[in-house]
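Chemist: You'll find final37.pdb just under this line, and it carries PDB, C-alpha atoms.
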ATOM      1  CA  VAL A   1      25.812   8.382 -19.050
ATOM      2  CA  VAL A   2      28.801   6.397 -17.865
ATOM      3  CA  TRP A   3      28.841   7.342 -14.168
ATOM      4  CA  HIS A   4      25.563   8.212 -12.468
ATOM      5  CA  ARG A   5      25.574   8.924  -8.731
ATOM      6  CA  LEU A   6      28.759   6.944  -8.192
ATOM      7  CA  ILE A   7      30.231   7.376  -4.717
ATOM      8  CA  PHE A   8      33.972   7.755  -4.116
ATOM      9  CA  ALA A   9      35.778   8.011  -0.792
ATOM     10  CA  GLY A  10      37.190  11.410   0.176
ATOM     11  CA  ASP A  11      37.120  14.857  -1.398
ATOM     12  CA  VAL A  12      38.116  13.832  -4.942
ATOM     13  CA  GLU A  13      35.595  15.750  -7.032
ATOM     14  CA  LYS A  14      38.118  17.561  -9.297
ATOM     15  CA  GLU A  15      40.194  14.409  -9.845
ATOM     16  CA  LYS A  16      37.131  12.323 -10.750
ATOM     17  CA  GLU A  17      35.797  15.004 -13.121
ATOM     18  CA  LYS A  18      39.140  15.004 -14.968
ATOM     19  CA  GLU A  19      39.261  11.187 -14.948
ATOM     20  CA  CYS A  20      35.793  11.016 -16.454
ATOM     21  CA  GLU A  21      36.538  13.608 -19.148
ATOM     22  CA  LYS A  22      40.038  12.454 -20.110
ATOM     23  CA  GLU A  23      40.113   8.691 -19.465
ATOM     24  CA  VAL A  24      36.682   7.080 -19.041
ATOM     25  CA  CYS A  25      34.477   8.815 -21.618
ATOM     26  CA  PRO A  26      36.907   8.768 -24.579
ATOM     27  CA  HIS A  27      37.014   4.965 -24.299
ATOM     28  CA  VAL A  28      33.238   4.431 -24.348
ATOM     29  CA  ILE A  29      31.903   7.116 -26.737
ATOM     30  CA  ILE A  30      32.575   8.329 -30.247
ATOM     31  CA  PRO A  31      35.711  10.523 -30.231
ATOM     32  CA  GLY A  32      34.983  14.231 -30.558
ATOM     33  CA  LEU A  33      31.664  14.260 -28.709
ATOM     34  CA  ARG A  34      31.219  16.784 -25.931
ATOM     35  CA  VAL A  35      31.784  15.399 -22.441
ATOM     36  CA  TYR A  36      30.170  16.826 -19.321
ATOM     37  CA  ALA A  37      31.303  15.720 -15.861
ATOM     38  CA  GLU A  38      30.033  17.022 -12.554
ATOM     39  CA  CYS A  39      31.021  15.737  -9.117
ATOM     40  CA  ASN A  40      29.944  17.080  -5.737
ATOM     41  CA  TYR A  41      31.464  16.507  -2.322
ATOM     42  CA  VAL A  42      29.154  15.916   0.637
ATOM     43  CA  GLU A  43      30.103  15.527   4.288
ATOM     44  CA  ASP A  44      27.225  13.230   5.227
ATOM     45  CA  LEU A  45      26.771  10.112   3.094
ATOM     46  CA  THR A  46      23.048   9.916   3.949
ATOM     47  CA  ASP A  47      22.559  13.006   1.755
ATOM     48  CA  LEU A  48      23.285  10.668  -1.176
ATOM     49  CA  THR A  49      21.756   7.427   0.056
ATOM     50  CA  ALA A  50      18.435   8.768   1.375
ATOM     51  CA  GLY A  51      15.322   8.368  -0.741
ATOM     52  CA  THR A  52      11.544   8.184  -0.796
ATOM     53  CA  LEU A  53       9.398   5.259  -1.989
ATOM     54  CA  CYS A  54       5.873   6.100  -3.147
ATOM     55  CA  ASP A  55       2.692   4.310  -4.148
ATOM     56  CA  CYS A  56       0.010   6.158  -6.089
ATOM     57  CA  GLN A  57      -3.371   4.528  -6.691
ATOM     58  CA  CYS A  58      -5.795   6.348  -9.012
ATOM     59  CA  GLY A  59      -9.116   4.551  -8.755
ATOM     60  CA  ASP A  60      -8.558   1.080 -10.177
ATOM     61  CA  LYS A  61      -5.277   2.072 -11.888
ATOM     62  CA  THR A  62      -1.876   2.012 -10.227
ATOM     63  CA  ALA A  63       0.224   4.981 -11.309
ATOM     64  CA  TRP A  64       3.239   4.246  -9.071
ATOM     65  CA  ARG A  65       4.217   1.149  -7.149
ATOM     66  CA  ASP A  66       7.349   1.565  -5.043
ATOM     67  CA  ARG A  67       8.569   4.423  -7.238
ATOM     68  CA  ALA A  68      11.840   5.774  -5.851
ATOM     69  CA  PHE A  69      12.823   9.434  -5.607
ATOM     70  CA  TYR A  70      16.010  11.051  -4.284
ATOM     71  CA  GLY A  71      15.793  12.798  -0.917
ATOM     72  CA  ASP A  72      12.912  13.300   1.500
ATOM     73  CA  VAL A  73      10.095  14.358  -0.852
ATOM     74  CA  ARG A  74       7.123  12.628   0.799
ATOM     75  CA  LYS A  75       4.756  15.605   0.956
ATOM     76  CA  GLU A  76       5.555  16.881  -2.546
ATOM     77  CA  LYS A  77       5.115  13.492  -4.237
ATOM     78  CA  GLU A  78       1.887  12.664  -2.365
ATOM     79  CA  LYS A  79       0.478  16.075  -3.373
ATOM     80  CA  TYR A  80       1.630  15.590  -6.983
ATOM     81  CA  CYS A  81       0.009  12.148  -7.096
ATOM     82  CA  LEU A  82      -3.351  13.281  -5.731
ATOM     83  CA  GLU A  83      -3.657  16.676  -7.435
ATOM     84  CA  GLU A  84      -1.854  16.299 -10.772
ATOM     85  CA  LEU A  85      -1.112  12.694 -11.731
ATOM     86  CA  CYS A  86      -4.351  10.925 -10.791
ATOM     87  CA  PRO A  87      -6.646  13.382 -12.607
ATOM     88  CA  LEU A  88      -4.649  12.603 -15.777
ATOM     89  CA  VAL A  89      -4.508   8.821 -15.252
ATOM     90  CA  SER A  90      -8.172   8.402 -14.231
ATOM     91  CA  PRO A  91     -10.203  11.480 -15.237
ATOM     92  CA  ILE A  92     -13.550   9.973 -14.163
ATOM     93  CA  PRO A  93     -14.996  12.059 -11.309
ATOM     94  CA  GLY A  94     -15.722  10.375  -7.995
ATOM     95  CA  LEU A  95     -12.889   7.838  -8.053
ATOM     96  CA  ARG A  96     -10.863   7.387  -4.900
ATOM     97  CA  PHE A  97      -7.234   8.517  -5.153
ATOM     98  CA  GLU A  98      -4.655   7.309  -2.623
ATOM     99  CA  ALA A  99      -1.001   8.187  -2.131
ATOM    100  CA  SER A 100       1.492   6.907   0.394
ATOM    101  CA  CYS A 101       5.196   7.657   0.585
ATOM    102  CA  SER A 102       7.868   6.526   3.025
ATOM    103  CA  PHE A 103      11.357   7.911   3.612
ATOM    104  CA  ASP A 104      14.369   5.602   3.894
ATOM    105  CA  ARG A 105      17.829   6.946   4.787
ATOM    106  CA  GLN A 106      19.505   3.906   3.145
ATOM    107  CA  LEU A 107      17.353   3.522   0.015
ATOM    108  CA  TYR A 108      20.224   4.215  -2.407
ATOM    109  CA  ALA A 109      22.993   2.723  -0.245
ATOM    110  CA  LEU A 110      25.364   0.199  -1.715
ATOM    111  CA  PRO A 111      24.053  -3.344  -1.547
ATOM    112  CA  ARG A 112      24.492  -4.872   1.852
ATOM    113  CA  PRO A 113      26.627  -8.015   1.957
ATOM    114  CA  ARG A 114      24.574 -11.185   1.829
ATOM    115  CA  PRO A 115      24.546 -13.307   4.942
ATOM    116  CA  ARG A 116      26.998 -16.168   4.940
ATOM    117  CA  ASP A 117      25.671 -19.425   3.528
ATOM    118  CA  PRO A 118      24.832 -21.642   6.525
ATOM    119  CA  TYR A 119      25.539 -24.689   4.365
ATOM    120  CA  PRO A 120      28.949 -24.521   2.667
ATOM    121  CA  ALA A 121      29.123 -26.543  -0.552
ATOM    122  CA  ALA A 122      30.745 -29.499   1.224
ATOM    123  CA  LYS A 123      28.039 -29.689   3.914
ATOM    124  CA  ARG A 124      25.006 -28.746   1.818
ATOM    125  CA  PRO A 125      22.123 -31.231   2.239
ATOM    126  CA  LEU A 126      21.668 -33.475  -0.769
ATOM    127  CA  MET A 127      18.600 -32.925  -2.915
ATOM    128  CA  ALA A 128      16.123 -35.753  -3.089
ATOM    129  CA  LYS A 129      15.919 -37.583  -6.424
ATOM    130  CA  SER A 130      12.356 -36.410  -6.964
ATOM    131  CA  GLN A 131      13.396 -32.749  -6.623
ATOM    132  CA  ALA A 132      16.359 -33.195  -8.971
ATOM    133  CA  ALA A 133      14.142 -34.855 -11.584
ATOM    134  CA  VAL A 134      11.647 -32.005 -11.439
ATOM    135  CA  ARG A 135      14.267 -29.270 -11.722
ATOM    136  CA  ARG A 136      16.468 -30.722 -14.466
ATOM    137  CA  PRO A 137      13.913 -30.775 -17.342
ATOM    138  CA  PHE A 138      12.961 -27.149 -16.700
ATOM    139  CA  GLY A 139      16.583 -26.029 -17.006
ATOM    140  CA  VAL A 140      16.985 -27.945 -20.278
ATOM    141  CA  ALA A 141      13.734 -26.515 -21.657
ATOM    142  CA  LEU A 142      14.803 -23.008 -20.737
ATOM    143  CA  LEU A 143      18.146 -23.394 -22.499
ATOM    144  CA  ALA A 144      16.455 -24.867 -25.563
ATOM    145  CA  ALA A 145      14.046 -21.935 -25.730
ATOM    146  CA  LEU A 146      16.929 -19.460 -25.472
ATOM    147  CA  ALA A 147      18.826 -21.277 -28.229
ATOM    148  CA  ILE A 148      15.771 -21.203 -30.488
ATOM    149  CA  ASP A 149      15.240 -17.486 -29.863
ATOM    150  CA  ALA A 150      18.910 -16.756 -30.534
ATOM    151  CA  GLY A 151      18.766 -18.741 -33.805
ATOM    152  CA  ALA A 152      15.621 -16.958 -34.939
ATOM    153  CA  ALA A 153      17.189 -13.585 -34.197
ATOM    154  CA  GLY A 154      20.249 -14.509 -36.235
ATOM    155  CA  LEU A 155      22.596 -14.316 -33.261
TER     156      LEU A 155
END
Kindly present the structure from the file in C-alpha cells form.
Modeler:
Amino acid sequence: VVWHRLIFAGDVEKEKEKECEKEVCPHVIIPGLRVYAECNYVEDLTDLTAGTLCDCQCGDKTAWRDRAFYGDVRKEKEKYCLEELCPLVSPIPGLRFEASCSFDRQLYALPRPRPRDPYPAAKRPLMAKSQAAVRRPFGVALLAALAIDAGAAGL
C-alpha cells in the first residue's frame, strides 16, 4: 500500500487513480505486478476524519486500549467487545467485562500545527550546569548502545 486514506483537495479522483497506477506504483514496486487504485470524492471532510476510540476490558485483561475505528461505530464496537471478544480473551465465567467508546469528528484529521515556541532559540533560558551534566551522559550512552547494536547486526 503506497497511499492509504490520503486526502487531496477538489474532485480529483480519476486523476489520482491514474497517477497512482501509472506514476507512483511503478516506481515503488516490482514492475509487472498488478496495481489497484481506488479514490472516492466526498463533499464533507468529516466523513473522512471522523473516528471512534474504544477501550475493552475483559476481566483483568485489556483487549483494546484507545483502539481507533473509522466512522461512528460506538454501539457496534461496544457490543462486539462485550459479546464476542471478551468471551474469547477471558473465557472464565463471572468476570466483569467493560467497554467504552467515544466518537471524535477530528480523530483522523491532519496533524494540527504545533503552537509557536514561546522561547525562540535566541531568547531560550540557559540550562543550569547540573541539568546539562545529567543529560549529556545519557545521550552519549544511548548513541554508544545504538552503535553496538548496529555493529552486532552487521550494519
Chemist: Evaluate the PyMOL selection byres ((chain A and resi 6) around 12) on the structure here and hand back the selected residues as a PyMOL selection string.
Modeler: chain A and resi 1-5+7-9+13+16-17+20+37-41+45+48-49+108-110
Chemist: May I ask for the distance between CA of Lys77 (chain A) and CA of Pro111 (chain A), given in Å to one decimal place?
Modeler: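 Taking CA of Lys77 (chain A) and CA of Pro111 (chain A), their separation equals 25.5 Å.
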Chemist: Give me the residues near Asp104 (chain A) as a list in words, where near means some atom within 12 Å (using only C-alpha atoms) and where sequence neighbours in that chain fewer than 4 positions away do not count.
Modeler: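 Residues meeting the cut-off are Thr46, Asp47, Leu48, Thr49, Ala50, Gly51, Thr52, Leu53, Cys54, Ala68, Phe69, Tyr70, Gly71, Asp72, Val73, Arg74, Tyr108 and Ala109 of chain A.
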Chemist: Give me, please, the distance in Å between CA of Lys75 (chain A) and CA of Leu88 (chain A), quoted to one decimal.
Modeler: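 Computed distance, CA of Lys75 (chain A) to CA of Leu88 (chain A), equals 19.4 Å.
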Chemist: Could you list, as a list in words, every residue within 12 Å of Pro91 (chain A), counting only C-alpha atoms and ignoring same-chain residues fewer than 4 positions away?
Modeler: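 Final neighbour list, sorted by chain and number: Cys58, Gly59, Asp60, Lys61, Leu82, Glu83, Glu84, Leu85, Cys86, Pro87, Leu95, Arg96 and Phe97 of chain A.
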